[in-house]
$ cat run.cif   # mmCIF, C-alpha atoms
data_query
loop_
_atom_site.label_atom_id
_atom_site.label_comp_id
_atom_site.auth_asym_id
_atom_site.auth_seq_id
_atom_site.Cartn_x
_atom_site.Cartn_y
_atom_site.Cartn_z
CA MET X 1 12.24 -30.32 5.87
CA ASN X 2 11.98 -33.99 6.73
CA SER X 3 9.61 -36.28 4.86
CA GLU X 4 7.20 -36.64 7.80
CA ASP X 5 6.73 -32.87 8.04
CA VAL X 6 6.20 -32.64 4.27
CA LYS X 7 3.50 -35.31 4.44
CA ALA X 8 1.85 -33.54 7.38
CA ILE X 9 1.86 -30.22 5.50
CA GLU X 10 0.45 -31.88 2.40
CA ALA X 11 -2.32 -33.40 4.52
CA LEU X 12 -3.22 -29.98 5.97
CA LEU X 13 -3.22 -28.38 2.52
CA SER X 14 -5.28 -31.17 0.97
CA LYS X 15 -8.44 -29.70 2.49
CA PRO X 16 -9.91 -26.18 2.32
CA GLN X 17 -8.07 -23.81 4.62
CA LYS X 18 -8.27 -20.18 5.60
CA ILE X 19 -4.58 -19.39 5.86
CA VAL X 20 -3.00 -16.46 7.69
CA ILE X 21 0.72 -15.72 7.40
CA ILE X 22 2.26 -13.79 10.30
CA PRO X 23 5.76 -12.27 10.63
CA HIS X 24 7.26 -10.80 13.80
CA LYS X 25 6.74 -7.31 15.19
CA ASN X 26 8.77 -4.60 13.43
CA PRO X 27 9.14 -6.86 10.38
CA ASP X 28 12.38 -6.64 8.40
CA GLY X 29 13.23 -7.67 4.86
CA ASP X 30 13.38 -11.38 5.65
CA ALA X 31 10.05 -11.31 7.50
CA ILE X 32 8.21 -9.39 4.76
CA GLY X 33 9.95 -11.20 1.90
CA SER X 34 9.20 -14.66 3.28
CA SER X 35 5.61 -13.74 4.14
CA LEU X 36 4.83 -12.30 0.71
CA GLY X 37 6.72 -15.06 -1.10
CA LEU X 38 4.63 -17.70 0.67
CA TRP X 39 1.47 -15.60 0.19
CA HIS X 40 1.98 -15.53 -3.59
CA PHE X 41 2.60 -19.30 -3.65
CA PHE X 42 -0.62 -20.11 -1.79
CA ASN X 43 -2.65 -17.42 -3.54
CA ASN X 44 -1.62 -18.74 -6.95
CA LYS X 45 -2.78 -22.21 -5.90
CA GLY X 46 -6.22 -20.84 -5.05
CA TYR X 47 -6.09 -20.84 -1.25
CA ASN X 48 -7.85 -18.25 0.88
CA VAL X 49 -4.73 -16.58 2.29
CA LYS X 50 -3.82 -13.30 3.98
CA VAL X 51 -0.71 -11.73 5.53
CA VAL X 52 -1.23 -9.95 8.86
CA VAL X 53 1.69 -7.94 10.26
CA PRO X 54 1.75 -6.79 13.91
CA ASN X 55 2.75 -3.23 12.93
CA ASP X 56 4.17 -1.15 10.12
CA TYR X 57 7.39 -1.88 8.24
CA PRO X 58 9.94 0.32 6.43
CA LYS X 59 9.14 2.16 3.22
CA PHE X 60 12.14 0.60 1.45
CA LEU X 61 10.34 -2.77 1.61
CA LYS X 62 6.99 -1.56 0.28
CA TRP X 63 7.91 -2.07 -3.38
CA MET X 64 7.53 -5.84 -2.97
CA PRO X 65 4.71 -7.31 -5.08
CA GLY X 66 1.69 -8.01 -2.90
CA THR X 67 2.52 -5.43 -0.23
CA GLU X 68 -0.80 -3.66 -0.83
CA SER X 69 -2.66 -6.80 0.30
CA ILE X 70 -1.06 -6.91 3.78
CA LEU X 71 -3.20 -6.16 6.83
CA ASN X 72 -1.59 -4.08 9.56
CA PHE X 73 -2.89 -5.25 12.97
CA GLU X 74 -2.16 -1.85 14.52
CA LYS X 75 -3.81 0.28 11.83
CA GLU X 76 -6.47 -2.12 10.49
CA ASN X 77 -7.34 -3.81 13.74
CA THR X 78 -10.96 -4.77 13.04
CA GLN X 79 -10.14 -6.38 9.69
CA ALA X 80 -7.06 -8.08 11.07
CA LEU X 81 -8.93 -9.52 14.07
CA ALA X 82 -11.68 -10.86 11.81
CA CYS X 83 -9.11 -12.46 9.54
CA LEU X 84 -7.25 -14.07 12.44
CA SER X 85 -10.38 -15.36 14.17
CA ALA X 86 -11.51 -17.01 10.93
CA ALA X 87 -8.15 -18.68 10.28
CA SER X 88 -7.88 -22.46 10.24
CA LEU X 89 -4.13 -22.53 9.51
CA CYS X 90 -1.48 -20.01 10.62
CA PHE X 91 2.06 -19.83 9.28
CA THR X 92 4.40 -17.93 11.60
CA LEU X 93 7.52 -16.77 9.79
CA ASP X 94 10.91 -15.52 11.01
CA PHE X 95 10.14 -15.90 14.73
CA ASN X 96 9.80 -18.84 17.09
CA ASP X 97 7.97 -17.57 20.16
CA LEU X 98 4.55 -15.91 20.21
CA SER X 99 5.90 -13.10 22.39
CA ARG X 100 7.63 -11.76 19.26
CA VAL X 101 4.35 -10.43 17.81
CA GLY X 102 3.74 -7.80 20.50
CA GLN X 103 0.09 -6.97 21.10
CA MET X 104 -1.00 -9.83 18.79
CA THR X 105 0.35 -12.42 21.25
CA SER X 106 -2.84 -12.94 23.25
CA VAL X 107 -4.88 -13.11 20.04
CA LEU X 108 -2.71 -15.87 18.58
CA GLU X 109 -2.70 -17.76 21.87
CA GLY X 110 -6.50 -17.82 21.75
CA LEU X 111 -6.85 -19.16 18.21
CA SER X 112 -8.05 -22.70 17.49
CA ALA X 113 -6.12 -22.78 14.20
CA ASP X 114 -3.23 -25.14 13.52
CA PHE X 115 0.19 -23.45 13.50
CA VAL X 116 3.16 -24.04 11.21
CA MET X 117 6.46 -22.40 12.17
CA ILE X 118 9.18 -21.63 9.62
CA ASP X 119 12.15 -19.99 11.32
CA HIS X 120 15.95 -19.95 11.69
CA HIS X 121 16.40 -18.54 15.22
CA ARG X 122 17.62 -20.49 18.24
CA ALA X 123 15.49 -22.07 20.98
CA PRO X 124 12.09 -22.46 19.29
CA SER X 125 9.07 -22.79 21.55
CA ASP X 126 6.53 -25.58 21.01
CA TYR X 127 3.33 -23.78 19.99
CA ALA X 128 3.28 -25.12 16.39
CA LYS X 129 1.77 -28.35 15.12
CA ILE X 130 4.57 -28.48 12.53
CA THR X 131 7.94 -26.84 13.18
CA TYR X 132 10.48 -26.26 10.42
CA SER X 133 13.41 -24.80 12.36
CA ASP X 134 17.01 -24.65 11.15
CA VAL X 135 19.53 -22.29 12.75
CA THR X 136 22.08 -23.01 10.03
CA MET X 137 19.93 -21.27 7.41
CA SER X 138 20.82 -17.80 6.19
CA SER X 139 17.26 -16.57 6.29
CA THR X 140 13.62 -17.56 6.55
CA CYS X 141 13.33 -16.72 2.84
CA GLU X 142 15.81 -19.47 2.01
CA MET X 143 13.71 -21.81 4.15
CA VAL X 144 10.47 -20.80 2.38
CA TYR X 145 12.20 -21.55 -0.93
CA ASN X 146 13.07 -25.03 0.42
CA PHE X 147 9.51 -25.40 1.72
CA ILE X 148 8.05 -24.66 -1.71
CA VAL X 149 10.49 -27.04 -3.40
CA ALA X 150 9.68 -29.79 -0.87
CA LEU X 151 6.00 -29.45 -1.81
CA GLY X 152 6.90 -29.94 -5.48
CA GLY X 153 6.47 -26.28 -6.29
CA LEU X 154 9.82 -25.38 -7.90
CA ASN X 155 8.18 -24.80 -11.27
CA GLU X 156 5.49 -22.70 -9.58
CA ILE X 157 7.95 -20.06 -8.36
CA THR X 158 6.92 -16.95 -10.25
CA GLU X 159 8.81 -13.71 -10.78
CA ASP X 160 6.88 -12.15 -7.88
CA ILE X 161 7.79 -14.99 -5.52
CA ALA X 162 11.41 -14.83 -6.67
CA ASN X 163 11.68 -11.08 -6.07
CA CYS X 164 10.23 -11.35 -2.55
CA LEU X 165 12.42 -14.28 -1.49
CA TYR X 166 15.58 -12.83 -3.02
CA ALA X 167 14.98 -9.53 -1.19
CA GLY X 168 14.77 -11.31 2.16
CA ILE X 169 17.92 -13.32 1.51
CA VAL X 170 19.83 -10.17 0.53
CA THR X 171 18.83 -8.29 3.68
CA ASP X 172 19.39 -11.14 6.16
CA THR X 173 22.78 -12.09 4.73
CA GLY X 174 24.05 -8.49 4.55
CA SER X 175 24.25 -8.85 0.77
CA PHE X 176 25.79 -12.32 1.15
CA LYS X 177 28.64 -11.27 3.46
CA PHE X 178 27.51 -12.80 6.77
CA ALA X 179 28.87 -16.18 7.90
CA SER X 180 25.40 -17.74 7.58
CA THR X 181 25.73 -17.46 3.79
CA THR X 182 26.49 -20.93 2.43
CA SER X 183 26.96 -22.46 -1.00
CA ALA X 184 23.30 -23.55 -0.75
CA THR X 185 22.32 -19.91 -0.18
CA HIS X 186 24.09 -18.89 -3.38
CA LEU X 187 22.46 -21.74 -5.29
CA THR X 188 19.06 -20.62 -4.00
CA ALA X 189 19.79 -17.04 -5.04
CA ALA X 190 20.88 -18.24 -8.48
CA SER X 191 17.67 -20.23 -8.84
CA LEU X 192 15.60 -17.19 -7.87
CA ILE X 193 17.40 -15.03 -10.44
CA GLU X 194 16.63 -17.69 -13.05
CA LYS X 195 12.99 -17.45 -11.97
CA GLY X 196 12.98 -13.70 -12.55
CA ALA X 197 14.37 -12.01 -9.42
CA GLU X 198 15.77 -8.64 -10.49
CA ASN X 199 18.86 -8.75 -8.31
CA ALA X 200 20.37 -5.36 -9.24
CA LEU X 201 17.03 -3.56 -8.97
CA ILE X 202 16.32 -5.20 -5.60
CA GLN X 203 19.67 -3.99 -4.24
CA ASN X 204 18.85 -0.48 -5.44
CA ARG X 205 15.35 -0.44 -3.97
CA ILE X 206 16.53 -1.63 -0.56
CA PHE X 207 19.88 0.11 -0.12
CA ASP X 208 19.91 3.13 -2.44
CA THR X 209 16.76 5.02 -1.51
CA ASN X 210 18.08 7.01 1.47
CA SER X 211 16.59 10.33 2.48
CA PRO X 212 18.97 13.16 3.44
CA GLU X 213 17.61 12.93 7.00
CA ARG X 214 18.51 9.24 7.27
CA LEU X 215 22.10 9.92 6.25
CA GLN X 216 22.27 12.79 8.74
CA LEU X 217 20.95 10.43 11.43
CA LEU X 218 23.67 7.95 10.49
CA GLY X 219 26.22 10.73 10.87
CA CYS X 220 24.83 11.45 14.33
CA ALA X 221 25.07 7.75 15.30
CA LEU X 222 28.66 7.52 14.08
CA LYS X 223 29.57 10.69 15.96
CA ASN X 224 28.16 9.11 19.13
CA MET X 225 30.21 5.94 18.73
CA VAL X 226 32.33 4.80 21.67
CA ILE X 227 35.24 2.44 21.02
CA LEU X 228 36.39 0.21 23.87
CA LYS X 229 39.65 -1.23 22.57
CA GLU X 230 40.29 -3.37 25.64
CA TYR X 231 37.10 -5.31 24.84
CA GLN X 232 37.32 -5.08 21.03
CA THR X 233 33.90 -3.48 21.24
CA ALA X 234 32.19 -0.46 19.70
CA TYR X 235 28.81 0.87 20.71
CA THR X 236 26.75 3.85 19.70
CA THR X 237 23.57 5.52 20.92
CA LEU X 238 20.64 7.45 19.54
CA SER X 239 18.37 9.35 21.90
CA GLN X 240 14.73 10.11 21.20
CA ASP X 241 15.62 13.78 20.77
CA GLU X 242 18.20 12.88 18.12
CA LEU X 243 15.71 10.66 16.32
CA ASP X 244 13.18 13.48 16.36
CA THR X 245 15.74 16.04 15.13
CA TYR X 246 16.34 13.99 11.99
CA HIS X 247 12.65 13.10 11.47
CA TYR X 248 13.15 9.39 12.12
CA LYS X 249 10.95 6.99 10.16
CA LYS X 250 10.60 3.25 10.73
CA GLY X 251 13.58 1.45 9.24
CA ASP X 252 15.90 4.47 9.23
CA THR X 253 18.35 2.87 11.70
CA GLU X 254 18.45 -0.45 9.83
CA GLY X 255 22.06 -1.56 9.48
CA PHE X 256 23.57 1.21 11.64
CA VAL X 257 24.89 -1.33 14.16
CA ASN X 258 27.01 -3.01 11.47
CA TYR X 259 29.28 0.01 11.07
CA GLY X 260 31.04 -0.82 14.33
CA LEU X 261 32.24 -4.12 12.88
CA THR X 262 33.90 -2.34 9.95
CA ILE X 263 36.50 -0.96 12.39
CA GLU X 264 39.75 -2.90 12.50
CA ASN X 265 40.06 -5.25 15.52
CA ILE X 266 36.43 -4.76 16.59
CA LYS X 267 34.48 -7.99 17.03
CA PHE X 268 31.44 -6.80 19.06
CA ALA X 269 29.19 -3.93 17.95
CA VAL X 270 26.07 -2.60 19.65
CA ILE X 271 23.55 0.20 19.13
CA PHE X 272 21.22 1.56 21.82
CA ILE X 273 18.13 3.37 20.51
CA GLU X 274 15.76 5.19 22.83
CA ASN X 275 12.02 4.68 22.28
CA LYS X 276 10.07 6.90 24.65
CA GLU X 277 6.71 5.77 23.26
CA GLU X 278 7.36 2.17 24.36
CA GLY X 279 9.42 3.22 27.37
CA ILE X 280 12.40 1.07 26.40
CA ILE X 281 15.88 1.20 24.96
CA LYS X 282 15.96 -1.01 21.87
CA ILE X 283 19.33 -2.75 21.48
CA SER X 284 20.92 -4.49 18.49
CA PHE X 285 24.00 -6.71 18.89
CA ARG X 286 26.42 -7.90 16.19
CA SER X 287 29.61 -9.90 16.45
CA GLU X 288 32.27 -11.63 14.42
CA GLY X 289 33.72 -15.05 15.10
CA ASP X 290 32.39 -17.30 17.85
CA PHE X 291 31.33 -14.66 20.38
CA SER X 292 27.61 -15.38 20.81
CA VAL X 293 25.51 -12.23 20.99
CA ASN X 294 22.49 -14.53 21.19
CA GLU X 295 23.67 -15.80 24.57
CA PHE X 296 24.70 -12.30 25.68
CA ALA X 297 21.31 -10.80 24.78
CA ARG X 298 19.38 -13.66 26.41
CA ALA X 299 21.42 -13.46 29.60
CA HIS X 300 21.30 -9.70 30.12
CA PHE X 301 18.83 -7.84 27.87
CA HIS X 302 15.63 -9.90 27.48
CA GLY X 303 16.53 -10.82 23.91
CA GLY X 304 18.12 -13.33 21.63
CA GLY X 305 18.59 -14.25 18.00
CA HIS X 306 21.59 -15.76 16.22
CA THR X 307 25.20 -16.32 17.24
CA ASN X 308 26.37 -13.18 15.41
CA ALA X 309 23.18 -11.11 15.31
CA ALA X 310 20.65 -10.56 18.08
CA GLY X 311 18.33 -8.02 19.62
CA GLY X 312 17.32 -7.02 23.11
CA LYS X 313 15.92 -4.23 25.24
CA SER X 314 16.38 -2.34 28.47
CA ASP X 315 13.71 -0.71 30.62
CA SER X 316 16.17 1.81 32.04
CA ASP X 317 17.21 5.14 30.57
CA LEU X 318 19.94 5.45 27.95
CA PRO X 319 22.89 6.34 30.25
CA THR X 320 21.99 3.52 32.66
CA ALA X 321 21.70 0.98 29.85
CA THR X 322 25.08 1.85 28.35
CA SER X 323 26.74 1.99 31.77
CA ARG X 324 25.41 -1.47 32.64
CA PHE X 325 26.57 -2.78 29.26
CA THR X 326 30.09 -1.44 29.80
CA GLU X 327 30.22 -3.00 33.26
CA LEU X 328 29.10 -6.37 31.87
CA LEU X 329 31.96 -6.37 29.37
CA LYS X 330 34.43 -6.92 32.19
CA SER X 331 33.13 -10.48 32.58
CA TYR X 332 33.57 -11.12 28.85
CA LYS X 333 37.03 -9.63 28.37
CA ALA X 334 38.72 -13.02 27.90
CA ASP X 335 36.11 -14.16 25.37
CA LEU X 336 36.30 -10.92 23.42
CA ASN X 337 40.10 -11.01 23.26
CA SER X 338 40.48 -14.70 22.45
#

$ encode --input "run.cif" --output "structure tokens"
Amino acid sequence: MNSEDVKAIEALLSKPQKIVIIPHKNPDGDAIGSSLGLWHFFNNKGYNVKVVVPNDYPKFLKWMPGTESILNFEKENTQALACLSAASLCFTLDFNDLSRVGQMTSVLEGLSADFVMIDHHRAPSDYAKITYSDVTMSSTCEMVYNFIVALGGLNEITEDIANCLYAGIVTDTGSFKFASTTSATHLTAASLIEKGAENALIQNRIFDTNSPERLQLLGCALKNMVILKEYQTAYTTLSQDELDTYHYKKGDTEGFVNYGLTIENIKFAVIFIENKEEGIIKISFRSEGDFSVNEFARAHFHGGGHTNAAGGKSDSDLPTATSRFTELLKSYKADLNS
């Protein structure tokens, strides 16, 4: 953060505020970890603060300290609306456009509160009074750590804050293997461990709590994988019927898309997941090297994200979506084989 933004934040926090912290729809480890980490920081300083999530999040994240205090806009709508309407200051974490909060979008657009954005995705919109945006950061959790330090709060990072922020860094860096992981990321992680983050236990709680059904669903996804050697691409699909067969729960497909990149000479991996309730095909894109899935998703599938990790969607059925994707690859053959 630059010094002007720090002074502006300090000015906002120098007076009584009703603070609401908001992550994106379908919040992941970075969204929940950053939200709860910041919630603990403000709560410990005596602010009136609440986390409101647009919808539910995976069970493997619900061990985080403070999770019981979160309001779910979908399930606790009356309470959530009252909290939002009373807010004087809103922190939006891990997203940079109000469309990313689903059915909460119109509510946020109608608030008179000041907004502060903390996010590491490309092309931020301009809804916030203060924007802390840095696409070079590994995660929003690393940015929240920097935010706290910039406010002079390094010595106020408790074990609970450390556990939440470390969890988000671990998930968004793929356990420190993605290219966004820098020496600064490792130094932040080291600092959080010194503050009490239980790194081995966090890994276990996030990655080693699979149900038999989730592993069977993974087997189904891998069986469905299609490898297109001429494009150095692998994609897989999961239909609604397949999800139902293996009793899909939110978060069960987390990380499935990454398996394509473990194949030798594959640099572009995609998963198409049917969601009949929303009437869409949810798509996740991953890449290695300089092939930008952010640009690909923005250009063709109403999405976006990072250079090597992005999301999107299709309003067509599953066969049409995959057929269109395969056809699009012809225009990217040179890029994918460079």

$ closest_residue --input "run.cif" --among "X:Glu213, X:Thr245, X:Phe272, X:Cys164" --to "X:Val226" --atoms "all atoms listed in the file"
X:Phe272

$ closest_residue --input "run.cif" --among "X:Ala179, X:Val270, X:Leu217, X:Ile193" --to "X:Asp290" --atoms "only C-alpha atoms"
X:Ala179

$ resolve_selection --input "run.cif" --expression "the PyMOL selection byres ((chain X and resi 302-309) around 7)" --output "list in words"
His121, Arg122, Phe285, Arg286, Ser287, Glu288, Ser292, Val293, Asn294, Glu295, Ala297, Arg298, His300, Phe301, Ala310, Gly311, Gly312 and Lys313 of chain X

$ write_last_selection --input "run.cif" --atoms "C-alpha atoms" --output "PDB file, keeping the file's coordinate frame"
ATOM      1  CA  HIS X 121      16.400 -18.540  15.220  1.00  0.00           C
ATOM      2  CA  ARG X 122      17.620 -20.490  18.240  1.00  0.00           C
ATOM      3  CA  PHE X 285      24.000  -6.710  18.890  1.00  0.00           C
ATOM      4  CA  ARG X 286      26.420  -7.900  16.190  1.00  0.00           C
ATOM      5  CA  SER X 287      29.610  -9.900  16.450  1.00  0.00           C
ATOM      6  CA  GLU X 288      32.270 -11.630  14.420  1.00  0.00           C
ATOM      7  CA  SER X 292      27.610 -15.380  20.810  1.00  0.00           C
ATOM      8  CA  VAL X 293      25.510 -12.230  20.990  1.00  0.00           C
ATOM      9  CA  ASN X 294      22.490 -14.530  21.190  1.00  0.00           C
ATOM     10  CA  GLU X 295      23.670 -15.800  24.570  1.00  0.00           C
ATOM     11  CA  ALA X 297      21.310 -10.800  24.780  1.00  0.00           C
ATOM     12  CA  ARG X 298      19.380 -13.660  26.410  1.00  0.00           C
ATOM     13  CA  HIS X 300      21.300  -9.700  30.120  1.00  0.00           C
ATOM     14  CA  PHE X 301      18.830  -7.840  27.870  1.00  0.00           C
ATOM     15  CA  ALA X 310      20.650 -10.560  18.080  1.00  0.00           C
ATOM     16  CA  GLY X 311      18.330  -8.020  19.620  1.00  0.00           C
ATOM     17  CA  GLY X 312      17.320  -7.020  23.110  1.00  0.00           C
ATOM     18  CA  LYS X 313      15.920  -4.230  25.240  1.00  0.00           C
TER      19      LYS X 313
END

$ resolve_selection --input "run.cif" --expression "the PyMOL selection byres ((chain X and resi 37-43) around 8)" --output "JSON, numbers by chain"
{"X": [21, 33, 34, 35, 36, 44, 45, 46, 47, 48, 49, 50, 51, 66, 141, 144, 148, 156, 157, 160, 161, 162, 164, 165]}

$ write_last_selection --input "run.cif" --atoms "C-alpha atoms" --output "PDB file, in the frame of the given file"
ATOM      1  CA  ILE X  21       0.720 -15.720   7.400  1.00  0.00           C
ATOM      2  CA  GLY X  33       9.950 -11.200   1.900  1.00  0.00           C
ATOM      3  CA  SER X  34       9.200 -14.660   3.280  1.00  0.00           C
ATOM      4  CA  SER X  35       5.610 -13.740   4.140  1.00  0.00           C
ATOM      5  CA  LEU X  36       4.830 -12.300   0.710  1.00  0.00           C
ATOM      6  CA  ASN X  44      -1.620 -18.740  -6.950  1.00  0.00           C
ATOM      7  CA  LYS X  45      -2.780 -22.210  -5.900  1.00  0.00           C
ATOM      8  CA  GLY X  46      -6.220 -20.840  -5.050  1.00  0.00           C
ATOM      9  CA  TYR X  47      -6.090 -20.840  -1.250  1.00  0.00           C
ATOM     10  CA  ASN X  48      -7.850 -18.250   0.880  1.00  0.00           C
ATOM     11  CA  VAL X  49      -4.730 -16.580   2.290  1.00  0.00           C
ATOM     12  CA  LYS X  50      -3.820 -13.300   3.980  1.00  0.00           C
ATOM     13  CA  VAL X  51      -0.710 -11.730   5.530  1.00  0.00           C
ATOM     14  CA  GLY X  66       1.690  -8.010  -2.900  1.00  0.00           C
ATOM     15  CA  CYS X 141      13.330 -16.720   2.840  1.00  0.00           C
ATOM     16  CA  VAL X 144      10.470 -20.800   2.380  1.00  0.00           C
ATOM     17  CA  ILE X 148       8.050 -24.660  -1.710  1.00  0.00           C
ATOM     18  CA  GLU X 156       5.490 -22.700  -9.580  1.00  0.00           C
ATOM     19  CA  ILE X 157       7.950 -20.060  -8.360  1.00  0.00           C
ATOM     20  CA  ASP X 160       6.880 -12.150  -7.880  1.00  0.00           C
ATOM     21  CA  ILE X 161       7.790 -14.990  -5.520  1.00  0.00           C
ATOM     22  CA  ALA X 162      11.410 -14.830  -6.670  1.00  0.00           C
ATOM     23  CA  CYS X 164      10.230 -11.350  -2.550  1.00  0.00           C
ATOM     24  CA  LEU X 165      12.420 -14.280  -1.490  1.00  0.00           C
TER      25      LEU X 165
END

$ atom_distance --input "run.cif" --atom1 "atom CA of X:Met1" --atom2 "atom CA of X:Val149"
10.0 Å

$ atom_distance --input "run.cif" --atom1 "atom CA of X:Phe147" --atom2 "atom CA of X:Asn26"
23.9 Å

$ closest_residue --input "run.cif" --among "X:Asn199, X:Asn275, X:Thr326, X:Ser338" --to "X:Val170" --atoms "all atoms listed in the file"
X:Asn199

$ atom_distance --input "run.cif" --atom1 "atom CA of X:Ser284" --atom2 "atom CA of X:Ala269"
8.3 Å

$ resolve_selection --input "run.cif" --expression "the PyMOL selection byres ((chain X and resi 91-105) around 7)" --output "PyMOL selection string"
chain X and resi 20-25+31+35+54+89-90+106-109+115-121+124-125+140

$ residues_around --input "run.cif" --residues "X:Lys250" --least-positions-apart "6" --cutoff "12 Å" --atoms "only C-alpha atoms" --output "short mmCIF file (atom, residue, chain, number, x, y, z; two decimals) with C-alpha atoms, keeping the file's coordinate frame"
data_model
loop_
_atom_site.label_atom_id
_atom_site.label_comp_id
_atom_site.auth_asym_id
_atom_site.auth_seq_id
_atom_site.Cartn_x
_atom_site.Cartn_y
_atom_site.Cartn_z
CA ASN X 26 8.77 -4.60 13.43
CA PRO X 27 9.14 -6.86 10.38
CA ASP X 28 12.38 -6.64 8.40
CA ASN X 55 2.75 -3.23 12.93
CA ASP X 56 4.17 -1.15 10.12
CA TYR X 57 7.39 -1.88 8.24
CA PRO X 58 9.94 0.32 6.43
CA LYS X 59 9.14 2.16 3.22
CA PHE X 60 12.14 0.60 1.45
CA LEU X 61 10.34 -2.77 1.61
CA ARG X 214 18.51 9.24 7.27
CA LEU X 243 15.71 10.66 16.32
CA ASP X 244 13.18 13.48 16.36
CA ASN X 275 12.02 4.68 22.28
#

$ closest_residue --input "run.cif" --among "X:Thr131, X:Gln240, X:Ser112, X:Ser175" --to "X:Asp5" --atoms "only C-alpha atoms"
X:Thr131

$ residues_around --input "run.cif" --residues "X:Glu198" --least-positions-apart "6" --cutoff "10 Å" --atoms "all atoms listed in the file" --output "VMD selection string"
chain X and resid 159 to 160 162 to 163 166 to 167 192

$ residues_around --input "run.cif" --residues "X:Met225" --least-positions-apart "6" --cutoff "12 Å" --atoms "all atoms listed in the file" --output "PyMOL selection string"
chain X and resi 218-219+233-238+256-261+263+269-272+322

$ axis_aligned_box --input "run.cif" --around "stretch 100-112 of chain X" --padding-each-side "5 Å" --output "lines of an AutoDock Vina configuration file"
center_x = -0.2
center_y = -14.8
center_z = 20.4
size_x = 25.7
size_y = 25.7
size_z = 15.8

$ residues_around --input "run.cif" --residues "stretch 331-334 of chain X" --least-positions-apart "3" --cutoff "9 Å" --atoms "all atoms listed in the file" --output "ChimeraX atom specification"
/X:230-232,327-328,337-338

$ closest_residue --input "run.cif" --among "X:Pro65, X:Thr188, X:Lys18, X:Ile32" --to "X:Ser85" --atoms "all atoms listed in the file"
X:Lys18

$ decode --input "run.cif" --residues "stretch 104-108 of chain X" --atoms "all heavy atoms" --output "CSV table (one decimal), in the first residue's frame"
chain,number,residue,atom,x,y,z
X,104,MET,N,-26.1,-10.4,-4.3
X,104,MET,CA,-25.8,-9.3,-3.4
X,104,MET,C,-25.4,-8.0,-4.2
X,104,MET,O,-25.3,-6.9,-3.6
X,104,MET,CB,-24.6,-9.6,-2.5
X,104,MET,CG,-25.0,-10.5,-1.3
X,104,MET,SD,-23.6,-10.9,-0.3
X,104,MET,CE,-23.0,-9.3,0.2
X,105,THR,N,-25.2,-8.1,-5.5
X,105,THR,CA,-24.7,-7.0,-6.3
X,105,THR,C,-25.5,-5.7,-6.2
X,105,THR,O,-25.1,-4.7,-5.8
X,105,THR,CB,-24.6,-7.4,-7.8
X,105,THR,OG1,-23.7,-8.5,-7.9
X,105,THR,CG2,-24.1,-6.2,-8.6
X,106,SER,N,-26.8,-5.9,-6.4
X,106,SER,CA,-27.7,-4.7,-6.3
X,106,SER,C,-27.8,-4.1,-4.9
X,106,SER,O,-27.9,-2.9,-4.8
X,106,SER,CB,-29.1,-5.1,-6.8
X,106,SER,OG,-29.7,-6.1,-6.0
X,107,VAL,N,-27.6,-5.0,-3.9
X,107,VAL,CA,-27.6,-4.5,-2.5
X,107,VAL,C,-26.4,-3.6,-2.3
X,107,VAL,O,-26.5,-2.5,-1.8
X,107,VAL,CB,-27.7,-5.6,-1.5
X,107,VAL,CG1,-27.6,-5.1,-0.1
X,107,VAL,CG2,-28.9,-6.5,-1.7
X,108,LEU,N,-25.2,-4.1,-2.7
X,108,LEU,CA,-24.0,-3.3,-2.5
X,108,LEU,C,-24.0,-2.0,-3.3
X,108,LEU,O,-23.5,-1.0,-2.9
X,108,LEU,CB,-22.8,-4.2,-2.9
X,108,LEU,CG,-22.5,-5.4,-2.1
X,108,LEU,CD1,-21.1,-6.0,-2.4
X,108,LEU,CD2,-22.7,-5.2,-0.6
